[in-house]
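Visitor: Just so it is clear, I am handing over query_13.txt, which has compact mmCIF, C-alpha atoms.
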# COMPACT_ATOMS: atom_id res chain seq x y z
CA MET A 1 -43.75 -16.06 22.11
CA ARG A 2 -42.22 -13.55 24.53
CA ARG A 3 -39.63 -16.12 25.50
CA LEU A 4 -38.79 -16.70 21.83
CA ILE A 5 -38.45 -12.97 21.23
CA GLY A 6 -36.17 -12.71 24.24
CA VAL A 7 -33.96 -15.51 22.96
CA VAL A 8 -33.73 -13.86 19.54
CA VAL A 9 -32.84 -10.50 21.09
CA LEU A 10 -30.18 -12.08 23.29
CA ALA A 11 -28.74 -13.96 20.31
CA GLY A 12 -28.67 -10.74 18.31
CA VAL A 13 -26.88 -8.91 21.12
CA ALA A 14 -24.37 -11.75 21.44
CA LEU A 15 -23.69 -11.74 17.70
CA ALA A 16 -23.31 -7.97 17.65
CA GLY A 17 -20.90 -8.16 20.58
CA ALA A 18 -18.86 -10.88 18.89
CA GLY A 19 -18.74 -8.86 15.68
CA TRP A 20 -17.65 -5.77 17.59
CA LEU A 21 -14.78 -7.71 19.16
CA LEU A 22 -13.73 -9.41 15.94
CA THR A 23 -13.61 -6.17 13.97
CA ALA A 24 -11.66 -4.22 16.61
CA PRO A 25 -8.43 -2.54 15.44
CA LYS A 26 -5.40 -4.70 16.21
CA PRO A 27 -2.21 -2.63 16.52
CA LEU A 28 1.18 -4.26 16.82
CA PRO A 29 2.13 -5.24 20.37
CA GLU A 30 3.44 -2.19 22.20
CA GLY A 31 7.22 -2.18 22.44
CA SER A 32 7.68 -4.79 19.72
CA LEU A 33 10.38 -2.60 18.14
CA ASP A 34 12.04 -1.50 21.38
CA GLY A 35 15.78 -1.07 20.96
CA ALA A 36 15.63 -0.90 17.17
CA THR A 37 17.80 1.79 15.61
CA GLY A 38 17.13 2.96 12.08
CA ASP A 39 19.54 4.07 9.39
CA ALA A 40 18.20 7.11 7.52
CA GLU A 41 20.36 6.49 4.46
CA ARG A 42 18.96 3.00 4.02
CA GLY A 43 15.54 4.38 4.87
CA GLN A 44 15.70 6.70 1.88
CA LEU A 45 15.79 3.69 -0.45
CA VAL A 46 12.81 2.14 1.36
CA PHE A 47 10.96 5.48 1.13
CA THR A 48 11.65 5.64 -2.59
CA ALA A 49 10.70 2.04 -3.33
CA ALA A 50 7.49 2.40 -1.30
CA GLY A 51 6.48 5.51 -3.22
CA CYS A 52 5.64 7.49 -0.08
CA ALA A 53 6.20 10.90 -1.69
CA SER A 54 4.26 9.96 -4.82
CA CYS A 55 1.00 9.96 -2.87
CA HIS A 56 1.73 12.33 0.00
CA HIS A 57 3.39 15.34 -1.61
CA ALA A 58 1.14 18.31 -2.34
CA PRO A 59 -0.73 18.33 -5.65
CA ASP A 60 1.47 19.60 -8.49
CA ALA A 61 4.59 19.71 -6.27
CA GLU A 62 7.85 19.47 -8.21
CA GLY A 63 11.51 18.93 -7.43
CA GLU A 64 12.51 19.05 -3.77
CA ALA A 65 8.98 20.19 -2.87
CA ARG A 66 7.88 16.58 -3.36
CA LEU A 67 9.68 15.72 -0.14
CA VAL A 68 7.29 17.95 1.79
CA LEU A 69 4.67 15.36 2.67
CA SER A 70 1.82 17.78 3.29
CA GLY A 71 -0.79 15.60 1.57
CA GLY A 72 -3.81 16.79 -0.34
CA GLN A 73 -3.77 14.59 -3.43
CA ARG A 74 -7.16 13.14 -4.29
CA PHE A 75 -7.74 9.46 -5.09
CA ALA A 76 -11.16 8.67 -6.52
CA SER A 77 -12.70 5.23 -6.12
CA ALA A 78 -16.04 3.46 -6.22
CA PHE A 79 -16.33 4.02 -2.46
CA GLY A 80 -15.63 7.74 -2.44
CA THR A 81 -12.63 10.03 -2.79
CA PHE A 82 -9.71 9.60 -0.42
CA LEU A 83 -7.38 12.50 0.32
CA ALA A 84 -3.77 11.78 1.23
CA PRO A 85 -3.02 13.09 4.74
CA ASN A 86 -0.10 15.13 5.98
CA ILE A 87 2.60 12.66 7.09
CA SER A 88 5.39 15.20 7.49
CA PRO A 89 7.23 15.49 10.83
CA ASP A 90 5.07 18.42 11.92
CA PRO A 91 3.88 17.57 15.47
CA ALA A 92 0.48 19.24 15.14
CA GLN A 93 -0.65 18.58 11.57
CA GLY A 94 1.62 15.70 10.59
CA ILE A 95 2.98 12.65 12.40
CA GLY A 96 5.75 14.37 14.35
CA ASP A 97 4.28 13.36 17.69
CA TRP A 98 3.91 9.69 16.74
CA SER A 99 6.10 7.01 18.29
CA LEU A 100 7.82 4.29 16.30
CA ASP A 101 5.15 1.90 17.57
CA ASP A 102 2.43 4.23 16.28
CA PHE A 103 4.10 4.37 12.89
CA ALA A 104 4.58 0.61 12.70
CA SER A 105 0.94 -0.09 13.56
CA ALA A 106 -0.24 2.35 10.90
CA VAL A 107 2.07 0.97 8.20
CA LYS A 108 1.69 -2.75 8.88
CA ARG A 109 -1.74 -3.03 10.51
CA GLY A 110 -3.66 0.01 9.23
CA VAL A 111 -4.37 1.28 12.76
CA SER A 112 -4.02 4.94 13.76
CA PRO A 113 -2.50 6.08 17.09
CA GLU A 114 -6.05 6.90 18.18
CA GLY A 115 -7.02 3.26 17.68
CA GLN A 116 -9.07 3.72 14.51
CA HIS A 117 -8.96 1.62 11.37
CA LEU A 118 -7.26 3.39 8.47
CA TYR A 119 -8.83 3.05 5.05
CA PRO A 120 -7.03 0.60 2.73
CA ALA A 121 -6.47 3.36 0.18
CA PHE A 122 -3.28 3.40 2.24
CA PRO A 123 -1.69 0.12 1.05
CA TYR A 124 -0.95 -1.36 4.46
CA THR A 125 -2.11 -4.76 3.23
CA ALA A 126 1.06 -4.77 1.09
CA TYR A 127 3.26 -3.02 3.65
CA ALA A 128 2.29 -5.75 6.15
CA ARG A 129 5.04 -7.78 4.46
CA MET A 130 7.66 -5.09 5.11
CA GLU A 131 10.67 -6.26 7.09
CA ASP A 132 11.01 -4.67 10.53
CA GLY A 133 14.50 -3.40 9.70
CA ASP A 134 13.20 -1.58 6.63
CA LEU A 135 10.33 -0.10 8.60
CA VAL A 136 12.66 1.27 11.27
CA ASP A 137 15.00 2.67 8.61
CA LEU A 138 12.04 4.29 6.88
CA TRP A 139 10.98 5.93 10.14
CA ALA A 140 14.51 7.26 10.66
CA TYR A 141 14.57 8.79 7.18
CA MET A 142 11.15 10.38 7.52
CA GLN A 143 12.34 12.25 10.59
CA THR A 144 14.82 14.10 8.36
CA LEU A 145 12.18 15.48 5.98
CA PRO A 146 10.78 19.03 6.19
CA ALA A 147 7.70 19.62 8.31
CA SER A 148 4.49 21.12 6.95
CA ASP A 149 1.70 22.70 8.98
CA THR A 150 -0.89 22.10 6.26
CA PRO A 151 -3.92 20.39 7.86
CA SER A 152 -5.02 17.03 6.48
CA GLN A 153 -8.35 17.13 4.69
CA PRO A 154 -11.20 14.71 5.48
CA HIS A 155 -11.99 11.89 3.10
CA GLU A 156 -15.09 12.31 0.98
CA VAL A 157 -16.68 8.97 1.80
CA GLY A 158 -20.40 8.51 2.41
CA PHE A 159 -22.48 5.99 4.32
CA PRO A 160 -21.89 3.10 4.93
CA PHE A 161 -18.21 3.34 4.00
CA ASN A 162 -17.65 6.14 6.51
CA ILE A 163 -18.16 3.64 9.33
CA ARG A 164 -14.58 2.84 10.21
CA ARG A 165 -15.47 -0.30 12.12
CA GLY A 166 -16.56 -1.81 8.82
CA VAL A 167 -12.91 -1.70 7.74
CA GLY A 168 -12.26 -4.25 10.46
CA ALA A 169 -14.56 -6.71 8.72
CA TRP A 170 -12.85 -5.89 5.41
CA LYS A 171 -9.47 -6.68 6.96
CA MET A 172 -10.74 -10.05 8.12
CA LEU A 173 -11.52 -10.88 4.50
CA TYR A 174 -8.53 -9.37 2.70
CA ALA A 175 -5.65 -8.40 4.98
CA SER A 176 -3.20 -11.28 4.73
CA PRO A 177 0.57 -10.95 5.22
CA ASP A 178 1.15 -14.12 3.18
CA TRP A 179 3.07 -13.89 -0.08
CA VAL A 180 1.08 -14.29 -3.28
CA MET A 181 4.02 -15.99 -5.00
CA THR A 182 4.58 -18.57 -2.32
CA GLU A 183 7.86 -19.93 -3.70
CA ALA A 184 10.79 -17.68 -4.64
CA GLU A 185 13.46 -19.99 -5.99
CA SER A 186 16.42 -17.60 -6.03
CA PRO A 187 17.64 -14.57 -4.07
CA GLN A 188 16.87 -12.39 -7.09
CA LEU A 189 13.31 -13.66 -7.31
CA GLU A 190 12.89 -13.25 -3.55
CA ARG A 191 14.01 -9.63 -3.82
CA GLY A 192 11.68 -9.06 -6.75
CA ARG A 193 8.79 -10.50 -4.79
CA TYR A 194 9.57 -8.23 -1.86
CA LEU A 195 9.63 -5.16 -4.08
CA VAL A 196 6.52 -6.04 -6.10
CA GLU A 197 4.30 -7.49 -3.38
CA ALA A 198 5.43 -5.38 -0.41
CA LEU A 199 7.32 -2.11 -0.87
CA ALA A 200 6.16 -1.02 -4.32
CA HIS A 201 2.68 -2.54 -3.78
CA CYS A 202 2.25 -3.11 -7.53
CA GLY A 203 -0.77 -5.34 -7.01
CA GLU A 204 -2.80 -2.44 -5.62
CA CYS A 205 -3.21 -1.05 -9.13
CA HIS A 206 -2.44 -3.95 -11.47
CA THR A 207 -4.75 -6.56 -9.88
CA PRO A 208 -8.55 -6.59 -10.30
CA ARG A 209 -10.77 -6.14 -7.25
CA ASP A 210 -14.09 -7.63 -6.25
CA ALA A 211 -17.25 -5.72 -5.30
CA LEU A 212 -15.92 -5.01 -1.80
CA GLY A 213 -12.62 -3.66 -3.06
CA GLY A 214 -10.53 -6.69 -2.16
CA LEU A 215 -7.75 -7.83 -4.49
CA ASP A 216 -8.53 -10.92 -6.55
CA ARG A 217 -5.36 -12.85 -5.81
CA SER A 218 -6.38 -15.56 -8.30
CA ALA A 219 -5.89 -12.97 -11.06
CA TRP A 220 -2.72 -11.45 -9.66
CA LEU A 221 -1.28 -8.60 -11.77
CA THR A 222 -3.57 -9.32 -14.71
CA GLY A 223 -4.68 -5.69 -15.02
CA ALA A 224 -7.66 -3.79 -13.66
CA PRO A 225 -10.01 -0.88 -14.27
CA ASN A 226 -8.58 2.45 -13.15
CA PRO A 227 -10.18 3.25 -9.74
CA ASN A 228 -10.99 6.76 -10.95
CA GLY A 229 -13.21 5.26 -13.65
CA ARG A 230 -11.06 6.42 -16.57
CA GLY A 231 -9.36 3.69 -18.59
CA THR A 232 -7.63 0.53 -17.45
CA ILE A 233 -4.34 -0.39 -15.84
CA PRO A 234 -2.44 -2.98 -17.91
CA GLY A 235 -1.70 -6.53 -16.87
CA LEU A 236 1.84 -7.76 -16.27
CA THR A 237 1.38 -11.51 -16.75
CA PRO A 238 2.88 -13.22 -19.87
CA ASP A 239 -0.47 -13.28 -21.66
CA LYS A 240 -0.71 -9.50 -21.17
CA LEU A 241 2.90 -8.35 -21.43
CA SER A 242 5.40 -9.84 -23.89
CA TRP A 243 8.42 -7.70 -22.98
CA GLY A 244 11.70 -9.35 -22.10
CA ALA A 245 13.32 -8.94 -18.70
CA ASP A 246 15.82 -6.39 -20.04
CA GLU A 247 12.99 -4.38 -21.59
CA ILE A 248 11.06 -4.35 -18.32
CA ALA A 249 14.13 -3.19 -16.39
CA TYR A 250 14.82 -0.50 -18.99
CA TYR A 251 11.23 0.75 -18.78
CA LEU A 252 11.54 1.04 -15.00
CA SER A 253 14.65 3.19 -15.40
CA SER A 254 13.59 5.33 -18.36
CA GLY A 255 9.82 5.17 -18.76
CA PHE A 256 10.18 4.16 -22.42
CA THR A 257 8.50 1.03 -23.77
CA PRO A 258 9.86 -1.25 -26.52
CA GLU A 259 7.11 0.21 -28.73
CA TYR A 260 8.61 3.73 -28.35
CA ASP A 261 5.80 4.87 -26.09
CA SER A 262 6.35 6.39 -22.65
CA ALA A 263 4.88 6.08 -19.18
CA GLY A 264 1.93 8.29 -18.36
CA GLY A 265 -0.27 9.20 -15.41
CA HIS A 266 0.75 8.05 -11.96
CA MET A 267 3.19 5.58 -13.55
CA VAL A 268 5.51 8.50 -14.29
CA GLU A 269 6.26 8.85 -10.58
CA VAL A 270 6.55 5.08 -10.17
CA VAL A 271 9.24 5.06 -12.86
CA GLU A 272 11.01 7.98 -11.22
CA ASN A 273 11.08 6.01 -7.97
CA PHE A 274 12.39 2.83 -9.59
CA ALA A 275 14.98 4.81 -11.56
CA ALA A 276 16.47 5.93 -8.23
CA LEU A 277 16.93 2.34 -7.02
CA PRO A 278 19.94 0.13 -7.74
CA ASP A 279 20.09 -1.66 -11.09
CA GLU A 280 19.78 -5.02 -9.35
CA ASP A 281 16.41 -4.03 -7.89
CA ARG A 282 14.95 -3.29 -11.31
CA ALA A 283 16.38 -6.58 -12.58
CA ALA A 284 14.78 -8.37 -9.62
CA VAL A 285 11.37 -6.86 -10.41
CA ALA A 286 11.77 -7.90 -14.04
CA ALA A 287 12.65 -11.45 -12.96
CA TYR A 288 9.54 -11.59 -10.77
CA ILE A 289 7.30 -10.39 -13.59
CA LYS A 290 8.77 -12.92 -16.03
CA ALA A 291 8.13 -15.68 -13.48
CA LEU A 292 4.40 -14.94 -13.32
CA PRO A 293 2.05 -17.55 -14.83
CA GLU A 294 -0.50 -16.72 -17.46
CA GLY A 295 -3.75 -15.56 -15.92
CA GLY A 296 -2.04 -14.74 -12.62
CA HIS A 297 -3.04 -18.04 -10.96
CA LEU A 298 -0.37 -18.24 -8.28
CA ASP A 299 -2.45 -19.82 -5.52
Could I get this file's structure written as structure tokens?
Guide:
Amino acid sequence: MRRLIGVVVLAGVALAGAGWLLTAPKPLPEGSLDGATGDAERGQLVFTAAGCASCHHAPDAEGEARLVLSGGQRFASAFGTFLAPNISPDPAQGIGDWSLDDFASAVKRGVSPEGQHLYPAFPYTAYARMEDGDLVDLWAYMQTLPASDTPSQPHEVGFPFNIRRGVGAWKMLYASPDWVMTEAESPQLERGRYLVEALAHCGECHTPRDALGGLDRSAWLTGAPNPNGRGTIPGLTPDKLSWGADEIAYYLSSGFTPEYDSAGGHMVEVVENFAALPDEDRAAVAAYIKALPEGGHLD
């Protein structure tokens, strides 16, 4: 019996050790972007398409103040409330002392410079598809923004979700850099896919999630409950949205629907971001949406 107990204990230790290794944070290889030079002007378009200011400006900030990425906005979910951190160039309270490698690992792998998993409230599972050139340009632009010494506030997340190592297991299940729409048959559709699935991370809100918070890719962009528990976020597939491509592009530039309604909630800032992009980008997003199958079954 003692021998059996010993074997069980050893097996348990071995399994725990294997789990610890498998769930370890995996930053990008150090120096993988050595020699890369970013263009801040191009980076501004990436910043806008990715909606960085929409989440990281201070609550109720308006106008140019929205470029001060001091954080503080609250994002409620079934797992707790996440507070956007300060990502301004301030070296003490923001990310001013990060390297490009640090930034790239956070954006594409969800790993902090301290080697901790970041919570997927930060949509790095979408940004994982970001092209390296765009990431470097984004970094160059963010260096030009004003610094803020406002401290980041801790997330309000209880046990067991406050165990960061658990995010490693979550990543094993859900963090895939693969495209959801595997075939993009034209340059316009390829650009639309890049904007929807990567930079603008539309699936994060418009796709339902399972009990662990992972996106249900078999129901891609079919709509979902609002994470804050109030209302629903509409679907974009043909069985949910009957707008034409021109109407979709117009909505993304103006916020007005064909039914004479207007964007509300967080979508107001999404529209403001898309309105600042070139016309061809809005047309590309519209083409992608019109290419979706009913029910979102892309796999």
Visitor: I'd like the interatomic distance between CA of Phe274 in chain A and CA of Val46 in chain A, to a tenth of an Å.
Guide: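 Distance between the two atoms: 11.0 Å.
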Visitor: Residues of range 223-285 of chain A that have any atom at most 12 Å from an atom of range 59-76 of chain A: could you tabulate them with the shortest-distance atom pair and the distance in Å to one decimal, using only C-alpha atoms, ordered by chain and increasing number, as JSON lines?
Guide:
{"residue": "A:Asn226", "atom": "CA", "partner": "A:Ala76", "partner_atom": "CA", "distance": 9.4}
{"residue": "A:Pro227", "atom": "CA", "partner": "A:Ala76", "partner_atom": "CA", "distance": 6.4}
{"residue": "A:Asn228", "atom": "CA", "partner": "A:Ala76", "partner_atom": "CA", "distance": 4.8}
{"residue": "A:Gly229", "atom": "CA", "partner": "A:Ala76", "partner_atom": "CA", "distance": 8.2}
{"residue": "A:Arg230", "atom": "CA", "partner": "A:Ala76", "partner_atom": "CA", "distance": 10.3}
{"residue": "A:His266", "atom": "CA", "partner": "A:Phe75", "partner_atom": "CA", "distance": 11.0}
{"residue": "A:Glu269", "atom": "CA", "partner": "A:Arg66", "partner_atom": "CA", "distance": 10.7}
{"residue": "A:Glu272", "atom": "CA", "partner": "A:Gly63", "partner_atom": "CA", "distance": 11.6}
{"residue": "A:Asn273", "atom": "CA", "partner": "A:Arg66", "partner_atom": "CA", "distance": 12.0}
Visitor: Which neighbours of range 119-132 of chain A fall inside 8 Å, counting all atoms listed in the file, when residues of the same chain fewer than 6 positions from it are skipped, and could you give them as a short mmCIF file (atom, residue, chain, number, x, y, z; two decimals) with C-alpha atoms, in the coordinates of the input?
Guide:
data_model
loop_
_atom_site.label_atom_id
_atom_site.label_comp_id
_atom_site.auth_asym_id
_atom_site.auth_seq_id
_atom_site.Cartn_x
_atom_site.Cartn_y
_atom_site.Cartn_z
CA LEU A 33 10.38 -2.60 18.14
CA PHE A 82 -9.71 9.60 -0.42
CA ALA A 106 -0.24 2.35 10.90
CA VAL A 107 2.07 0.97 8.20
CA LYS A 108 1.69 -2.75 8.88
CA ARG A 109 -1.74 -3.03 10.51
CA GLY A 110 -3.66 0.01 9.23
CA ARG A 164 -14.58 2.84 10.21
CA VAL A 167 -12.91 -1.70 7.74
CA TYR A 174 -8.53 -9.37 2.70
CA ALA A 175 -5.65 -8.40 4.98
CA SER A 176 -3.20 -11.28 4.73
CA PRO A 177 0.57 -10.95 5.22
CA ASP A 178 1.15 -14.12 3.18
CA TRP A 179 3.07 -13.89 -0.08
CA TYR A 194 9.57 -8.23 -1.86
CA GLU A 197 4.30 -7.49 -3.38
CA ALA A 198 5.43 -5.38 -0.41
CA LEU A 199 7.32 -2.11 -0.87
CA HIS A 201 2.68 -2.54 -3.78
CA GLU A 204 -2.80 -2.44 -5.62
#
Visitor: Ranking A:Pro29, A:Pro187, A:Pro85, A:Pro113 by minimum distance to Ser148 in chain A and counting only C-alpha atoms, which one comes first?
Guide: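 Result for the nearest residue to Ser148 in chain A: A:Pro85.
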Visitor: Could you check how far CA of Leu212 in chain A sits from CA of Gly192 in chain A, in Å to one decimal?
Guide: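 Answer for the CA of Leu212 in chain A to CA of Gly192 in chain A separation: 28.3 Å.
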Visitor: What is the CA of Val271 in chain A to CA of Asp246 in chain A distance in Å?
Guide: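 That distance, rounded to one decimal, is 15.0 Å.
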